[in-house]
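Report on the following structure.
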Amino acid sequence: MQRRGSWANEGIILAAGLVIAGFGYIGLTGWLDRPCAADDQLCRLAWLQPVAALGLFVVIVAFFAYLSGPAVALRGAAITGVIIGLISMVSLGWRLNFGPLMNLPYQPLAGVPAATELQSLAATLSNESLIRTGDDEMLDVAVVGPLHPSLAWELRRFANFLQVTSVQGLDGNSAIITPAGDSEFNLGTAYLGQDFALDAYWQPAGLPPKEMLKWLIYRRAATPPAGNRVILWLRMGGNRG
């Protein structure tokens, strides 16, 4: 007689799989987030909890395969995998769309996003413009060298913005933006400079296994992202509104 699944057994496998997945996830994230002392073997072996959870699920699937047939067990395992996969996709999508902007560089689908420091640069220019001219869009801003697309977007509303190839003749400008790390653009004591990142990019290559797992789950890492940087120079003693 051919055995047929009633979907009741598949539902039991699904429920058990979700509970076990939650148990394993809690154990895995606890191990990833908790620093372990060199002599704390219990902490250092905490990664075995999710492994044990996976082993328990395999045992349950094997039990139902023996009890109700391989087809029933495979359907239950497949449904469990699909549900866990959907939950993971929703989690990753939420982090990509609503997560902190500072973690966006760690999302491969985000490409090369603008750095959060770019917002700080724009806010600094607006504040200085308001203080010096009485309007947050009238500050005279000069960009020396190539104009980064993200920077161009932030400067689009400044009426007195210009792009030049040299700092020659810019002694009177209230704000000058130059590439970072180039001593050629040192403007001396008349200006006070602060560097800002324009974009941020990061790759998971070379991460140790534990850090790789942490990145896969949280989409963040301890290593800071790289990026193109500029220096914002503000002329000291400028006009005050």
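Chain labels follow the order of the structure tokens: the first chain is A, the next B, and so on; residue numbering restarts at 1 in every chain, and ligands are counted from 1 in their shown order.
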Contact table region 93-209 of chain A vs region 216-238 of chain A, cut-off 7 Å, shortest pair per residue, only C-alpha atoms, as CSV:
```
residue,atom,partner,partner_atom,distance
A:Asn103,CA,A:Arg220,CA,5.8
A:Pro105,CA,A:Pro225,CA,6.7
A:Tyr106,CA,A:Arg220,CA,5.6
A:Gln107,CA,A:Arg219,CA,6.4
A:Arg132,CA,A:Gly238,CA,6.8
A:Ser174,CA,A:Arg235,CA,5.0
A:Ala175,CA,A:Leu234,CA,4.7
A:Ile176,CA,A:Trp233,CA,5.0
A:Ile177,CA,A:Leu232,CA,4.6
A:Thr178,CA,A:Ile231,CA,5.3
A:Pro179,CA,A:Val230,CA,4.4
A:Ala180,CA,A:Val230,CA,4.5
A:Ala190,CA,A:Met236,CA,5.9
A:Tyr191,CA,A:Arg235,CA,4.4
A:Leu192,CA,A:Leu234,CA,5.3
A:Gly193,CA,A:Trp233,CA,4.2
A:Gln194,CA,A:Ile231,CA,5.4
A:Asp195,CA,A:Ile231,CA,4.1
A:Phe196,CA,A:Arg229,CA,5.5
A:Ala197,CA,A:Arg229,CA,4.3
A:Leu198,CA,A:Asn228,CA,5.6
A:Asp199,CA,A:Gly227,CA,5.1
A:Ala200,CA,A:Gly227,CA,4.5
A:Tyr201,CA,A:Pro225,CA,5.4
A:Trp202,CA,A:Pro225,CA,4.9
```
**Message:** I'd like the neighbourhood of Ile83 (chain A) as a list in words, where a residue qualifies if any of its atoms comes within 12 Å (using only C-alpha atoms), though same-chain residues fewer than 3 positions away should be ignored.
**Reply:**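 My reading of the contact set: Gly11, Leu14, Ala15, Gly17, Leu18, Ala21, Gly76, Ala77, Ala78, Ile79, Thr80, Leu86, Ile87, Ser88, Met89 and Val90 of chain A.
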Since we have the selection now, will you write its residues out, keeping N, CA and C atoms, as a compact mmCIF listing (two decimals), in the first residue's frame?
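Saved file out_1.txt follows:
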```
# COMPACT_ATOMS: atom_id res chain seq x y z
N GLY A 11 3.37 19.46 8.98
CA GLY A 11 3.19 20.60 9.89
C GLY A 11 3.97 20.44 11.18
N LEU A 14 7.49 21.22 10.36
CA LEU A 14 7.65 22.67 10.21
C LEU A 14 7.71 23.36 11.56
N ALA A 15 6.77 23.02 12.45
CA ALA A 15 6.75 23.65 13.77
C ALA A 15 8.03 23.35 14.53
N GLY A 17 10.89 22.53 13.25
CA GLY A 17 12.01 23.19 12.58
C GLY A 17 12.12 24.66 12.92
N LEU A 18 10.97 25.35 13.00
CA LEU A 18 11.00 26.78 13.33
C LEU A 18 11.46 27.00 14.77
N ALA A 21 15.12 26.30 14.82
CA ALA A 21 15.85 27.39 14.15
C ALA A 21 15.97 28.59 15.08
N GLY A 76 8.26 18.15 4.56
CA GLY A 76 8.33 18.94 5.79
C GLY A 76 9.62 19.73 5.89
N ALA A 77 10.75 19.09 5.53
CA ALA A 77 12.04 19.78 5.58
C ALA A 77 12.08 20.91 4.55
N ALA A 78 11.50 20.65 3.36
CA ALA A 78 11.51 21.67 2.31
C ALA A 78 10.66 22.87 2.72
N ILE A 79 9.49 22.63 3.29
CA ILE A 79 8.64 23.74 3.74
C ILE A 79 9.35 24.54 4.82
N THR A 80 10.01 23.85 5.73
CA THR A 80 10.76 24.54 6.78
C THR A 80 11.85 25.42 6.18
N LEU A 86 12.37 32.69 3.60
CA LEU A 86 11.55 33.90 3.47
C LEU A 86 11.79 34.86 4.62
N ILE A 87 11.90 34.31 5.83
CA ILE A 87 12.18 35.16 6.99
C ILE A 87 13.53 35.85 6.82
N SER A 88 14.51 35.12 6.33
CA SER A 88 15.84 35.70 6.11
C SER A 88 15.80 36.80 5.05
N MET A 89 15.03 36.58 3.98
CA MET A 89 14.92 37.58 2.93
C MET A 89 14.26 38.85 3.44
N VAL A 90 13.21 38.70 4.24
CA VAL A 90 12.54 39.87 4.81
C VAL A 90 13.50 40.62 5.73
```
**Which of region 17-240 of chain A fall in helix (DSSP H, G or I), as number ranges by chain** = A: 17-33, 41-44, 48-68, 70-98, 101-106, 108-110, 116-133, 149-155, 183-185, 188-190, 209-218
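Of the listed residues A:Glu117, A:Pro108, A:Pro146, A:Leu67, the one whose atoms come nearest to Pro204 (chain A) is A:Pro108, with distances taken using only C-alpha atoms.
Comparing the minimum interatomic distances between Ala8 (chain A) and each of A:Val72, A:Leu162, A:Leu54, A:Ala38, counting only C-alpha atoms, we find that A:Val72 sits nearest.
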**Message:** Which residues are near Leu56 (chain A)? Cut-off 12 Å, only C-alpha atoms, ignore same chain within fewer than 3 positions. Put them as a ChimeraX atom specification.
**Reply:** /A:13,16-17,19-21,23-24,49-53,59-63
Could you write out that same residue set with C-alpha atoms as a tab-separated table (two decimals), in the first residue's frame?
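As a result, selection34.tsv now contains:
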```
chain	number	residue	atom	x	y	z
A	13	ILE	CA	8.17	19.00	11.12
A	16	ALA	CA	9.68	21.73	15.19
A	17	GLY	CA	12.01	23.19	12.58
A	19	VAL	CA	11.42	26.27	17.08
A	20	ILE	CA	14.79	24.63	16.57
A	21	ALA	CA	15.85	27.39	14.15
A	23	PHE	CA	16.88	28.14	19.41
A	24	GLY	CA	19.90	27.80	17.14
A	49	GLN	CA	24.54	25.01	20.21
A	50	PRO	CA	23.38	25.82	16.65
A	51	VAL	CA	25.20	22.71	15.40
A	52	ALA	CA	23.33	20.61	17.96
A	53	ALA	CA	20.07	22.29	16.91
A	59	VAL	CA	17.06	13.44	13.67
A	60	ILE	CA	13.43	14.60	13.62
A	61	VAL	CA	13.32	14.50	9.82
A	62	ALA	CA	14.88	11.03	9.83
A	63	PHE	CA	12.32	9.87	12.40
```
